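> One file is attached below, final.csv, containing CSV, C-alpha atoms.
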chain,number,residue,atom,x,y,z
A,1,ALA,CA,-16.3,-4.4,6.4
A,2,GLN,CA,-14.7,-3.5,3.1
A,3,THR,CA,-12.9,-6.1,1.0
A,4,VAL,CA,-10.9,-6.0,-2.2
A,5,THR,CA,-10.4,-9.1,-4.4
A,6,GLN,CA,-7.9,-9.5,-7.3
A,7,SER,CA,-8.6,-12.8,-8.9
A,8,GLN,CA,-5.5,-12.8,-11.2
A,9,PRO,CA,-2.4,-13.7,-9.3
A,10,GLU,CA,-0.3,-13.4,-12.4
A,11,MET,CA,-0.7,-11.8,-15.9
A,12,SER,CA,1.7,-11.4,-18.8
A,13,VAL,CA,1.6,-9.3,-21.9
A,14,GLN,CA,3.7,-8.7,-24.9
A,15,GLU,CA,5.5,-5.4,-25.1
A,16,ALA,CA,3.4,-2.7,-26.8
A,17,GLU,CA,0.2,-4.7,-26.3
A,18,THR,CA,-2.7,-3.8,-24.0
A,19,VAL,CA,-3.5,-5.7,-20.7
A,20,THR,CA,-6.4,-5.4,-18.3
A,21,LEU,CA,-6.1,-6.2,-14.6
A,22,SER,CA,-9.3,-7.1,-12.7
A,23,CYS,CA,-10.4,-5.9,-9.2
A,24,THR,CA,-13.7,-6.3,-7.4
A,25,TYR,CA,-14.6,-4.8,-4.1
A,26,ASP,CA,-17.3,-4.8,-1.5
A,27,THR,CA,-18.4,-1.8,0.6
A,28,SER,CA,-21.6,-0.6,2.2
A,29,GLU,CA,-20.8,3.0,1.6
A,30,SER,CA,-21.7,5.1,-1.4
A,31,ASP,CA,-18.8,7.5,-1.0
A,32,TYR,CA,-15.3,6.0,-1.3
A,33,TYR,CA,-12.1,6.1,-3.2
A,34,LEU,CA,-10.4,3.4,-5.3
A,35,PHE,CA,-6.7,3.2,-6.2
A,36,TRP,CA,-4.2,1.2,-8.2
A,37,TYR,CA,-0.7,1.0,-6.8
A,38,LYS,CA,2.4,-0.3,-8.5
A,39,GLN,CA,5.2,-2.1,-6.6
A,40,PRO,CA,8.2,-2.7,-8.8
A,41,PRO,CA,10.8,-5.3,-7.6
A,42,SER,CA,12.9,-3.9,-4.7
A,43,ARG,CA,11.4,-0.4,-5.1
A,44,GLN,CA,8.7,1.5,-3.3
A,45,MET,CA,5.0,1.3,-4.0
A,46,ILE,CA,3.7,4.2,-6.1
A,47,LEU,CA,0.2,5.4,-6.9
A,48,VAL,CA,-0.8,4.7,-10.5
A,49,ILE,CA,-4.3,6.1,-10.7
A,50,ARG,CA,-7.2,7.2,-8.4
A,51,GLN,CA,-11.0,7.1,-8.8
A,52,GLU,CA,-13.6,8.9,-6.7
A,53,ALA,CA,-16.8,6.9,-6.4
A,54,TYR,CA,-19.0,9.9,-7.0
A,55,LYS,CA,-17.5,10.5,-10.4
A,56,GLN,CA,-19.0,8.6,-13.2
A,57,GLN,CA,-16.1,9.4,-15.6
A,58,ASN,CA,-13.4,6.9,-15.6
A,59,ALA,CA,-10.0,8.2,-14.5
A,60,THR,CA,-7.1,8.3,-17.0
A,61,GLU,CA,-3.4,8.9,-16.5
A,62,ASN,CA,-1.4,8.7,-19.8
A,63,ARG,CA,-1.3,5.0,-20.8
A,64,PHE,CA,-3.3,3.9,-17.7
A,65,SER,CA,-7.0,4.0,-17.5
A,66,VAL,CA,-9.7,2.4,-15.4
A,67,ASN,CA,-13.1,0.9,-16.0
A,68,PHE,CA,-15.2,1.8,-13.0
A,69,GLN,CA,-18.5,-0.1,-12.7
A,70,LYS,CA,-20.0,1.1,-9.5
A,71,ALA,CA,-23.1,-1.1,-9.6
A,72,ALA,CA,-21.0,-4.2,-10.2
A,73,LYS,CA,-18.4,-3.1,-7.7
A,74,SER,CA,-15.7,-3.6,-10.3
A,75,PHE,CA,-12.6,-1.5,-10.9
A,76,SER,CA,-10.2,-2.8,-13.6
A,77,LEU,CA,-7.0,-1.2,-14.8
A,78,LYS,CA,-6.1,-1.1,-18.4
A,79,ILE,CA,-2.5,-0.5,-19.5
A,80,SER,CA,-2.0,0.4,-23.1
A,81,ASP,CA,1.2,0.2,-25.1
A,82,SER,CA,2.8,-1.9,-22.3
A,83,GLN,CA,6.5,-1.2,-21.6
A,84,LEU,CA,9.2,-3.2,-19.9
A,85,GLY,CA,9.1,-0.7,-17.0
A,86,ASP,CA,5.5,-1.6,-16.3
A,87,ALA,CA,6.6,-5.0,-14.9
A,88,ALA,CA,5.6,-5.0,-11.2
A,89,MET,CA,3.0,-6.1,-8.6
A,90,TYR,CA,-0.2,-4.2,-9.0
A,91,PHE,CA,-2.5,-3.7,-6.0
A,92,CYS,CA,-6.0,-2.5,-6.1
A,93,ALA,CA,-7.1,-0.6,-2.9
A,94,LEU,CA,-10.2,1.0,-1.4
A,95,ILE,CA,-10.7,3.6,1.3
A,96,GLN,CA,-13.9,5.0,2.7
A,97,GLY,CA,-14.5,7.7,5.2
A,98,ALA,CA,-12.2,7.5,8.2
A,99,GLN,CA,-11.5,3.8,7.5
A,100,LYS,CA,-8.1,2.4,6.6
A,101,LEU,CA,-6.8,1.7,3.1
A,102,VAL,CA,-7.6,-1.9,2.3
A,103,PHE,CA,-5.5,-3.7,-0.4
A,104,GLY,CA,-6.2,-6.6,-2.6
A,105,GLN,CA,-3.8,-9.6,-2.9
A,106,GLY,CA,-2.0,-8.2,-5.9
A,107,THR,CA,-1.4,-9.2,-9.5
A,108,ARG,CA,2.1,-9.8,-10.8
A,109,LEU,CA,2.5,-8.4,-14.3
A,110,THR,CA,5.2,-9.6,-16.6
A,111,ILE,CA,6.1,-7.8,-19.8
A,112,ASN,CA,7.5,-10.1,-22.6
A,113,PRO,CA,9.9,-8.3,-25.0
B,1,GLU,CA,11.6,14.9,-5.1
B,2,ALA,CA,10.7,14.2,-1.5
B,3,GLU,CA,10.6,10.6,-0.4
B,4,VAL,CA,9.8,8.6,2.7
B,5,ALA,CA,13.0,7.2,4.2
B,6,GLN,CA,13.2,3.9,6.1
B,7,SER,CA,16.0,2.1,7.8
B,8,PRO,CA,17.4,-0.5,7.8
B,9,ARG,CA,16.4,-1.9,4.4
B,10,TYR,CA,17.1,-5.4,5.6
B,11,LYS,CA,17.2,-7.0,9.0
B,12,ILE,CA,17.9,-10.6,10.0
B,13,THR,CA,17.3,-11.6,13.6
B,14,GLU,CA,16.8,-14.6,15.7
B,15,LYS,CA,13.5,-15.3,17.4
B,16,SER,CA,13.0,-13.8,20.8
B,17,GLN,CA,15.3,-10.9,19.9
B,18,ALA,CA,14.2,-7.2,19.8
B,19,VAL,CA,14.1,-5.3,16.5
B,20,ALA,CA,13.4,-1.7,15.6
B,21,PHE,CA,12.5,0.0,12.4
B,22,TRP,CA,12.8,3.7,11.7
B,23,CYS,CA,10.7,5.9,9.3
B,24,ASP,CA,11.1,9.5,8.3
B,25,PRO,CA,8.0,10.8,6.4
B,26,ILE,CA,7.9,13.5,3.8
B,27,SER,CA,8.3,16.9,5.4
B,28,GLY,CA,4.9,18.4,6.2
B,29,HIS,CA,3.0,15.2,6.2
B,30,ALA,CA,0.9,15.0,9.3
B,31,THR,CA,-0.2,11.4,8.9
B,32,LEU,CA,2.1,8.4,9.1
B,33,TYR,CA,1.3,4.7,8.5
B,34,TRP,CA,3.0,1.5,9.3
B,35,TYR,CA,2.0,-1.5,7.2
B,36,ARG,CA,3.1,-5.2,7.2
B,37,GLN,CA,3.3,-7.0,3.9
B,38,ILE,CA,3.6,-10.7,3.9
B,39,LEU,CA,5.2,-12.2,0.8
B,40,GLY,CA,2.6,-12.5,-2.0
B,41,GLN,CA,0.0,-10.5,-0.2
B,42,GLY,CA,-1.1,-6.9,-0.1
B,43,PRO,CA,-0.1,-4.5,2.8
B,44,GLU,CA,-2.1,-4.5,6.0
B,45,LEU,CA,-2.2,-1.5,8.3
B,46,LEU,CA,-0.6,-1.9,11.6
B,47,VAL,CA,-0.8,1.6,13.0
B,48,GLN,CA,-1.8,5.1,11.9
B,49,PHE,CA,-0.6,8.3,13.5
B,50,GLN,CA,-2.0,11.8,13.1
B,51,ASP,CA,0.8,14.0,14.2
B,52,GLU,CA,2.0,12.3,17.4
B,53,SER,CA,-1.3,10.7,18.2
B,54,VAL,CA,-2.4,7.1,17.4
B,55,VAL,CA,-5.5,7.1,15.2
B,56,ASP,CA,-5.8,3.4,14.6
B,57,ASP,CA,-3.8,0.5,16.1
B,58,SER,CA,-6.5,-2.1,16.0
B,59,GLN,CA,-4.4,-4.6,14.0
B,60,LEU,CA,-1.2,-4.0,16.0
B,61,PRO,CA,-0.2,-7.0,18.2
B,62,LYS,CA,0.2,-5.0,21.3
B,63,ASP,CA,1.8,-7.8,23.3
B,64,ARG,CA,4.9,-7.6,21.2
B,65,PHE,CA,4.7,-4.6,18.9
B,66,SER,CA,5.0,-0.9,19.8
B,67,ALA,CA,5.1,2.2,17.8
B,68,GLU,CA,5.8,5.8,18.6
B,69,ARG,CA,6.0,9.2,16.9
B,70,LEU,CA,7.1,11.4,19.8
B,71,LYS,CA,7.5,14.7,18.1
B,72,GLY,CA,5.0,14.1,15.3
B,73,VAL,CA,7.8,13.7,12.7
B,74,ASP,CA,9.8,10.5,12.4
B,75,SER,CA,8.6,7.2,13.9
B,76,THR,CA,9.9,3.9,15.3
B,77,LEU,CA,8.2,0.5,15.2
B,78,LYS,CA,9.5,-2.1,17.6
B,79,ILE,CA,9.0,-5.8,18.0
B,80,GLN,CA,10.0,-7.6,21.2
B,81,PRO,CA,10.3,-10.5,21.2
B,82,ALA,CA,10.4,-11.3,17.5
B,83,GLU,CA,8.6,-14.5,16.3
B,84,LEU,CA,9.1,-16.6,13.2
B,85,GLY,CA,5.7,-15.4,11.9
B,86,ASP,CA,6.9,-11.8,12.0
B,87,SER,CA,9.0,-12.3,8.9
B,88,ALA,CA,7.6,-9.8,6.4
B,89,MET,CA,8.2,-6.5,4.7
B,90,TYR,CA,7.4,-3.5,6.9
B,91,LEU,CA,6.3,-0.5,5.0
B,92,CYS,CA,6.0,3.1,6.2
B,93,ALA,CA,3.8,5.6,4.3
B,94,SER,CA,2.9,9.2,4.9
B,95,SER,CA,0.2,11.6,3.6
B,96,LEU,CA,-0.6,15.3,4.0
B,97,SER,CA,-3.6,14.4,6.2
B,98,GLY,CA,-5.7,11.4,7.0
B,99,LEU,CA,-8.4,12.4,4.6
B,100,PRO,CA,-9.3,9.5,2.3
B,101,TYR,CA,-8.5,11.2,-1.0
B,102,ASN,CA,-4.9,12.1,0.1
B,103,GLU,CA,-2.3,10.0,-1.7
B,104,GLN,CA,-0.2,7.8,0.6
B,105,PHE,CA,3.5,7.9,-0.3
B,106,PHE,CA,5.4,4.7,0.6
B,107,GLY,CA,9.0,4.2,1.6
B,108,PRO,CA,11.2,1.3,0.3
B,109,GLY,CA,10.4,-0.9,3.3
B,110,THR,CA,12.4,-3.0,5.7
B,111,ARG,CA,12.5,-6.7,5.0
B,112,LEU,CA,12.6,-8.6,8.2
B,113,THR,CA,13.7,-12.2,8.4
B,114,VAL,CA,13.3,-14.0,11.7
B,115,LEU,CA,15.4,-17.2,12.1
Can you turn what I pasted into structure tokens?

Amino acid sequence: AQTVTQSQPEMSVQEAETVTLSCTYDTSESDYYLFWYKQPPSRQMILVIRQEAYKQQNATENRFSVNFQKAAKSFSLKISDSQLGDAAMYFCALIQGAQKLVFGQGTRLTINP
Amino acid sequence: EAEVAQSPRYKITEKSQAVAFWCDPISGHATLYWYRQILGQGPELLVQFQDESVVDDSQLPKDRFSAERLKGVDSTLKIQPAELGDSAMYLCASSLSGLPYNEQFFGPGTRLTVL
């Protein structure tokens, strides 16, 4: 069975600074996909970034980038130049083959002005 | 921009009553998901539809929960009777297909409180 673990229930960062959210996972498959989703207060969850396990290059989307360490089963999210609008719950998620999308417990990110 | 619609946004009910949630996915999306998100936790899949067929309902408490997507478009999730432990956010999502690389688009959710 696949599992996703986020060990940081809460994180905070100063506006314009950089923050890294941690995620580890477990899967027996070699081909899978990893995602970071953002859930702002009272708004719908949106996809932040996606990583294919077969790609060695780390995914990047503007200020968001990941550090994908396949052997260590680690998938951290780095947010550069943090903005007030980045405040949200962040969920790491994993899907493999025909299995369901499995989410971690989430990390609440606070941005301090 | 197309979005997943859900109604109602909030629902308060007493235990043993019946409740129903509605979801309208993004047009053209064949796959529809219902998730339950308990406060402070990540979403957990309840049921997945591919068009009008159920693909996965292994985590759906079938003694009290039911879901349908009769014409392969919008969907209804029902709870009867509701229990105190059903208080949670119910999220609907859709994707172009059930392939793993397809992004799932989420609706705003229905927050259920059972008294």
> Residues at most 12 Å from Glu15 in chain A, counting only C-alpha atoms, excluding those fewer than 2 positions away in the same chain, as a list in words?
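Counting only the stated atoms, we get Ser12, Val13, Glu17, Thr18, Val19, Ile79, Ser80, Asp81, Ser82, Gln83, Leu84, Gly85, Asp86, Ala87, Leu109, Thr110, Ile111, Asn112 and Pro113 of chain A.
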> Counting all atoms listed in the file, figure out which residue out of B:Glu1, B:Phe21, B:Glu44, B:Thr76 gets nearest to chain A.
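For chain A, the nearest of the given residues is B:Glu44.
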> Step by step: start from the point (1.4, -3.2, -4.7) in the file's coordinates, keep every protein, DNA or RNA residue that has an atom no farther than 7 Å from it, count only C-alpha atoms, and write the set as a compact mmCIF listing (two decimals) with C-alpha atoms, keeping the file's coordinate frame.

# COMPACT_ATOMS: atom_id res chain seq x y z
CA TYR A 37 -0.70 1.00 -6.80
CA LYS A 38 2.40 -0.30 -8.50
CA GLN A 39 5.20 -2.10 -6.60
CA MET A 45 5.00 1.30 -4.00
CA MET A 89 3.00 -6.10 -8.60
CA TYR A 90 -0.20 -4.20 -9.00
CA PHE A 91 -2.50 -3.70 -6.00
CA GLY A 106 -2.00 -8.20 -5.90
CA GLY B 42 -1.10 -6.90 -0.10
> So, counting all atoms listed in the file, which residue among A:Ala59, A:Ala88, A:Leu21, A:Ala1 is closest to Ile46 in chain A?
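Of all the options, A:Ala88 lies closest to Ile46 in chain A.
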> Kindly determine which residues of chain B lie within 12 Å of chain A, considering only C-alpha atoms, and give the answer as a PDB file with C-alpha atoms, keeping the file's coordinate frame.

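To be explicit, this is the file written out as part17.pdb:
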ATOM      1  CA  GLU B   3      10.600  10.600  -0.400  1.00  0.00           C
ATOM      2  CA  VAL B   4       9.800   8.600   2.700  1.00  0.00           C
ATOM      3  CA  ALA B   5      13.000   7.200   4.200  1.00  0.00           C
ATOM      4  CA  GLN B   6      13.200   3.900   6.100  1.00  0.00           C
ATOM      5  CA  ARG B   9      16.400  -1.900   4.400  1.00  0.00           C
ATOM      6  CA  TYR B  10      17.100  -5.400   5.600  1.00  0.00           C
ATOM      7  CA  TYR B  33       1.300   4.700   8.500  1.00  0.00           C
ATOM      8  CA  TRP B  34       3.000   1.500   9.300  1.00  0.00           C
ATOM      9  CA  TYR B  35       2.000  -1.500   7.200  1.00  0.00           C
ATOM     10  CA  ARG B  36       3.100  -5.200   7.200  1.00  0.00           C
ATOM     11  CA  GLN B  37       3.300  -7.000   3.900  1.00  0.00           C
ATOM     12  CA  ILE B  38       3.600 -10.700   3.900  1.00  0.00           C
ATOM     13  CA  LEU B  39       5.200 -12.200   0.800  1.00  0.00           C
ATOM     14  CA  GLY B  40       2.600 -12.500  -2.000  1.00  0.00           C
ATOM     15  CA  GLN B  41       0.000 -10.500  -0.200  1.00  0.00           C
ATOM     16  CA  GLY B  42      -1.100  -6.900  -0.100  1.00  0.00           C
ATOM     17  CA  PRO B  43      -0.100  -4.500   2.800  1.00  0.00           C
ATOM     18  CA  GLU B  44      -2.100  -4.500   6.000  1.00  0.00           C
ATOM     19  CA  LEU B  45      -2.200  -1.500   8.300  1.00  0.00           C
ATOM     20  CA  LEU B  46      -0.600  -1.900  11.600  1.00  0.00           C
ATOM     21  CA  VAL B  47      -0.800   1.600  13.000  1.00  0.00           C
ATOM     22  CA  GLN B  48      -1.800   5.100  11.900  1.00  0.00           C
ATOM     23  CA  PHE B  49      -0.600   8.300  13.500  1.00  0.00           C
ATOM     24  CA  VAL B  55      -5.500   7.100  15.200  1.00  0.00           C
ATOM     25  CA  ASP B  56      -5.800   3.400  14.600  1.00  0.00           C
ATOM     26  CA  ASP B  57      -3.800   0.500  16.100  1.00  0.00           C
ATOM     27  CA  SER B  58      -6.500  -2.100  16.000  1.00  0.00           C
ATOM     28  CA  GLN B  59      -4.400  -4.600  14.000  1.00  0.00           C
ATOM     29  CA  MET B  89       8.200  -6.500   4.700  1.00  0.00           C
ATOM     30  CA  TYR B  90       7.400  -3.500   6.900  1.00  0.00           C
ATOM     31  CA  LEU B  91       6.300  -0.500   5.000  1.00  0.00           C
ATOM     32  CA  CYS B  92       6.000   3.100   6.200  1.00  0.00           C
ATOM     33  CA  ALA B  93       3.800   5.600   4.300  1.00  0.00           C
ATOM     34  CA  SER B  97      -3.600  14.400   6.200  1.00  0.00           C
ATOM     35  CA  GLY B  98      -5.700  11.400   7.000  1.00  0.00           C
ATOM     36  CA  LEU B  99      -8.400  12.400   4.600  1.00  0.00           C
ATOM     37  CA  PRO B 100      -9.300   9.500   2.300  1.00  0.00           C
ATOM     38  CA  TYR B 101      -8.500  11.200  -1.000  1.00  0.00           C
ATOM     39  CA  ASN B 102      -4.900  12.100   0.100  1.00  0.00           C
ATOM     40  CA  GLU B 103      -2.300  10.000  -1.700  1.00  0.00           C
ATOM     41  CA  GLN B 104      -0.200   7.800   0.600  1.00  0.00           C
ATOM     42  CA  PHE B 105       3.500   7.900  -0.300  1.00  0.00           C
ATOM     43  CA  PHE B 106       5.400   4.700   0.600  1.00  0.00           C
ATOM     44  CA  GLY B 107       9.000   4.200   1.600  1.00  0.00           C
ATOM     45  CA  PRO B 108      11.200   1.300   0.300  1.00  0.00           C
ATOM     46  CA  GLY B 109      10.400  -0.900   3.300  1.00  0.00           C
ATOM     47  CA  THR B 110      12.400  -3.000   5.700  1.00  0.00           C
ATOM     48  CA  ARG B 111      12.500  -6.700   5.000  1.00  0.00           C
TER      49      ARG B 111
END
> Within 6 Å of Ile12 in chain B, counting only C-alpha atoms, which residues show up once you throw out same-chain ones fewer than 2 positions away? Write them as a VMD selection string, please.
chain B and resid 112 to 114
> Just to confirm, what's the straight-line distance from CA of Arg64 in chain B to CA of Leu96 in chain B in Å (one decimal)?
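Atom-to-atom, CA of Arg64 in chain B and CA of Leu96 in chain B are spaced 29.2 Å apart.
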> Considering only C-alpha atoms, return as a ChimeraX atom specification whatever protein or nucleic-acid residues lie within 8 Å of Asp26 in chain A, sequence-local ones (same chain, fewer than 6 positions apart) excluded.
/A:1-4,73
> Restricted to C-alpha atoms, what would the selected residues look like written as a short mmCIF file (atom, residue, chain, number, x, y, z; two decimals), keeping the file's coordinate frame?

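Saved result, out-v8.cif, follows:
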data_model
loop_
_atom_site.label_atom_id
_atom_site.label_comp_id
_atom_site.auth_asym_id
_atom_site.auth_seq_id
_atom_site.Cartn_x
_atom_site.Cartn_y
_atom_site.Cartn_z
CA ALA A 1 -16.30 -4.40 6.40
CA GLN A 2 -14.70 -3.50 3.10
CA THR A 3 -12.90 -6.10 1.00
CA VAL A 4 -10.90 -6.00 -2.20
CA LYS A 73 -18.40 -3.10 -7.70
#
> Would you mind reading off the distance between CA of Gln8 in chain A and CA of Pro40 in chain A, one decimal, in Å?
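Computing it gives 17.2 Å between the two atoms.
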> To one decimal place in Å, what is the distance between CA of Ser74 in chain A and CA of Thr24 in chain A?
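Separating CA of Ser74 in chain A from CA of Thr24 in chain A is a distance of 4.4 Å.
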> List as a list in words: which residues have an atom within 9 Å of (10.9, -12.7, 11.2), counting only C-alpha atoms?
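Within 9 Å of (10.9, -12.7, 11.2), the protein and nucleic acid residues are Lys11, Ile12, Thr13, Glu14, Lys15, Ala82, Glu83, Leu84, Gly85, Asp86, Ser87, Ala88, Arg111, Leu112, Thr113, Val114 and Leu115 of chain B.
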> Restrict the selected residues to C-alpha atoms and save them as a compact mmCIF listing (two decimals), in the coordinates of the input.

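Saved to again35.txt:
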# COMPACT_ATOMS: atom_id res chain seq x y z
CA LYS B 11 17.20 -7.00 9.00
CA ILE B 12 17.90 -10.60 10.00
CA THR B 13 17.30 -11.60 13.60
CA GLU B 14 16.80 -14.60 15.70
CA LYS B 15 13.50 -15.30 17.40
CA ALA B 82 10.40 -11.30 17.50
CA GLU B 83 8.60 -14.50 16.30
CA LEU B 84 9.10 -16.60 13.20
CA GLY B 85 5.70 -15.40 11.90
CA ASP B 86 6.90 -11.80 12.00
CA SER B 87 9.00 -12.30 8.90
CA ALA B 88 7.60 -9.80 6.40
CA ARG B 111 12.50 -6.70 5.00
CA LEU B 112 12.60 -8.60 8.20
CA THR B 113 13.70 -12.20 8.40
CA VAL B 114 13.30 -14.00 11.70
CA LEU B 115 15.40 -17.20 12.10
> With only C-alpha atoms as the counted atoms, please give the residues lying no more than 6 Å from Leu77 in chain A, apart from itself and same-chain residues fewer than 3 positions off, as a ChimeraX atom specification.
/A:20-21,65-66
> Missing atoms in range 17-26 of chain B need filling: write out all heavy atoms for it as a PDB file, in the coordinates of the input.

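Produced file rebuild33.pdb, reproduced below:
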ATOM      1  N   GLN B  17      14.543 -12.099  19.877  1.00  0.00           N
ATOM      2  CA  GLN B  17      15.300 -10.900  19.900  1.00  0.00           C
ATOM      3  C   GLN B  17      14.404  -9.662  19.676  1.00  0.00           C
ATOM      4  O   GLN B  17      13.289  -9.793  19.185  1.00  0.00           O
ATOM      5  CB  GLN B  17      16.448 -10.888  18.915  1.00  0.00           C
ATOM      6  CG  GLN B  17      17.483 -11.964  19.172  1.00  0.00           C
ATOM      7  CD  GLN B  17      18.179 -11.773  20.499  1.00  0.00           C
ATOM      8  OE1 GLN B  17      18.775 -10.731  20.780  1.00  0.00           O
ATOM      9  NE2 GLN B  17      18.106 -12.801  21.347  1.00  0.00           N
ATOM     10  N   ALA B  18      14.921  -8.495  20.014  1.00  0.00           N
ATOM     11  CA  ALA B  18      14.200  -7.200  19.800  1.00  0.00           C
ATOM     12  C   ALA B  18      14.696  -6.616  18.469  1.00  0.00           C
ATOM     13  O   ALA B  18      15.887  -6.670  18.164  1.00  0.00           O
ATOM     14  CB  ALA B  18      14.384  -6.288  20.920  1.00  0.00           C
ATOM     15  N   VAL B  19      13.763  -6.031  17.706  1.00  0.00           N
ATOM     16  CA  VAL B  19      14.100  -5.300  16.500  1.00  0.00           C
ATOM     17  C   VAL B  19      13.400  -3.975  16.455  1.00  0.00           C
ATOM     18  O   VAL B  19      12.332  -3.829  17.051  1.00  0.00           O
ATOM     19  CB  VAL B  19      13.794  -6.109  15.206  1.00  0.00           C
ATOM     20  CG1 VAL B  19      14.661  -7.336  15.094  1.00  0.00           C
ATOM     21  CG2 VAL B  19      12.318  -6.482  15.168  1.00  0.00           C
ATOM     22  N   ALA B  20      13.995  -3.032  15.765  1.00  0.00           N
ATOM     23  CA  ALA B  20      13.400  -1.700  15.600  1.00  0.00           C
ATOM     24  C   ALA B  20      13.573  -1.187  14.235  1.00  0.00           C
ATOM     25  O   ALA B  20      14.626  -1.370  13.622  1.00  0.00           O
ATOM     26  CB  ALA B  20      13.985  -0.738  16.649  1.00  0.00           C
ATOM     27  N   PHE B  21      12.523  -0.546  13.724  1.00  0.00           N
ATOM     28  CA  PHE B  21      12.500   0.000  12.400  1.00  0.00           C
ATOM     29  C   PHE B  21      12.261   1.528  12.505  1.00  0.00           C
ATOM     30  O   PHE B  21      11.440   1.944  13.336  1.00  0.00           O
ATOM     31  CB  PHE B  21      11.476  -0.611  11.479  1.00  0.00           C
ATOM     32  CG  PHE B  21      11.417  -2.105  11.539  1.00  0.00           C
ATOM     33  CD1 PHE B  21      10.202  -2.754  11.705  1.00  0.00           C
ATOM     34  CD2 PHE B  21      12.567  -2.865  11.428  1.00  0.00           C
ATOM     35  CE1 PHE B  21      10.145  -4.128  11.760  1.00  0.00           C
ATOM     36  CE2 PHE B  21      12.515  -4.244  11.484  1.00  0.00           C
ATOM     37  CZ  PHE B  21      11.294  -4.884  11.653  1.00  0.00           C
ATOM     38  N   TRP B  22      12.908   2.286  11.625  1.00  0.00           N
ATOM     39  CA  TRP B  22      12.800   3.700  11.700  1.00  0.00           C
ATOM     40  C   TRP B  22      12.182   4.265  10.374  1.00  0.00           C
ATOM     41  O   TRP B  22      12.464   3.724   9.297  1.00  0.00           O
ATOM     42  CB  TRP B  22      14.133   4.364  11.943  1.00  0.00           C
ATOM     43  CG  TRP B  22      14.133   5.854  11.951  1.00  0.00           C
ATOM     44  CD1 TRP B  22      13.735   6.688  12.948  1.00  0.00           C
ATOM     45  CD2 TRP B  22      14.592   6.710  10.887  1.00  0.00           C
ATOM     46  NE1 TRP B  22      13.909   8.001  12.589  1.00  0.00           N
ATOM     47  CE2 TRP B  22      14.427   8.045  11.315  1.00  0.00           C
ATOM     48  CE3 TRP B  22      15.103   6.483   9.612  1.00  0.00           C
ATOM     49  CZ2 TRP B  22      14.777   9.136  10.529  1.00  0.00           C
ATOM     50  CZ3 TRP B  22      15.449   7.561   8.821  1.00  0.00           C
ATOM     51  CH2 TRP B  22      15.285   8.871   9.288  1.00  0.00           C
ATOM     52  N   CYS B  23      11.358   5.303  10.485  1.00  0.00           N
ATOM     53  CA  CYS B  23      10.700   5.900   9.300  1.00  0.00           C
ATOM     54  C   CYS B  23      10.766   7.430   9.430  1.00  0.00           C
ATOM     55  O   CYS B  23      10.418   7.986  10.482  1.00  0.00           O
ATOM     56  CB  CYS B  23       9.299   5.434   9.176  1.00  0.00           C
ATOM     57  SG  CYS B  23       8.345   6.297   7.892  1.00  0.00           S
ATOM     58  N   ASP B  24      11.159   8.083   8.351  1.00  0.00           N
ATOM     59  CA  ASP B  24      11.100   9.500   8.300  1.00  0.00           C
ATOM     60  C   ASP B  24      10.180   9.926   7.134  1.00  0.00           C
ATOM     61  O   ASP B  24      10.510   9.702   5.966  1.00  0.00           O
ATOM     62  CB  ASP B  24      12.509  10.110   8.031  1.00  0.00           C
ATOM     63  CG  ASP B  24      12.561  11.617   8.223  1.00  0.00           C
ATOM     64  OD1 ASP B  24      11.592  12.184   8.782  1.00  0.00           O
ATOM     65  OD2 ASP B  24      13.556  12.234   7.810  1.00  0.00           O
ATOM     66  N   PRO B  25       9.010  10.483   7.443  1.00  0.00           N
ATOM     67  CA  PRO B  25       8.000  10.800   6.400  1.00  0.00           C
ATOM     68  C   PRO B  25       8.438  12.012   5.575  1.00  0.00           C
ATOM     69  O   PRO B  25       9.404  12.697   5.899  1.00  0.00           O
ATOM     70  CB  PRO B  25       6.765  11.071   7.192  1.00  0.00           C
ATOM     71  CG  PRO B  25       7.278  11.657   8.475  1.00  0.00           C
ATOM     72  CD  PRO B  25       8.555  10.918   8.768  1.00  0.00           C
ATOM     73  N   ILE B  26       7.684  12.259   4.546  1.00  0.00           N
ATOM     74  CA  ILE B  26       7.900  13.500   3.800  1.00  0.00           C
ATOM     75  C   ILE B  26       7.590  14.690   4.633  1.00  0.00           C
ATOM     76  O   ILE B  26       6.604  14.686   5.394  1.00  0.00           O
ATOM     77  CB  ILE B  26       6.990  13.454   2.507  1.00  0.00           C
ATOM     78  CG1 ILE B  26       7.449  12.330   1.563  1.00  0.00           C
ATOM     79  CG2 ILE B  26       6.991  14.794   1.789  1.00  0.00           C
ATOM     80  CD1 ILE B  26       6.541  12.089   0.377  1.00  0.00           C
TER      81      ILE B  26
END
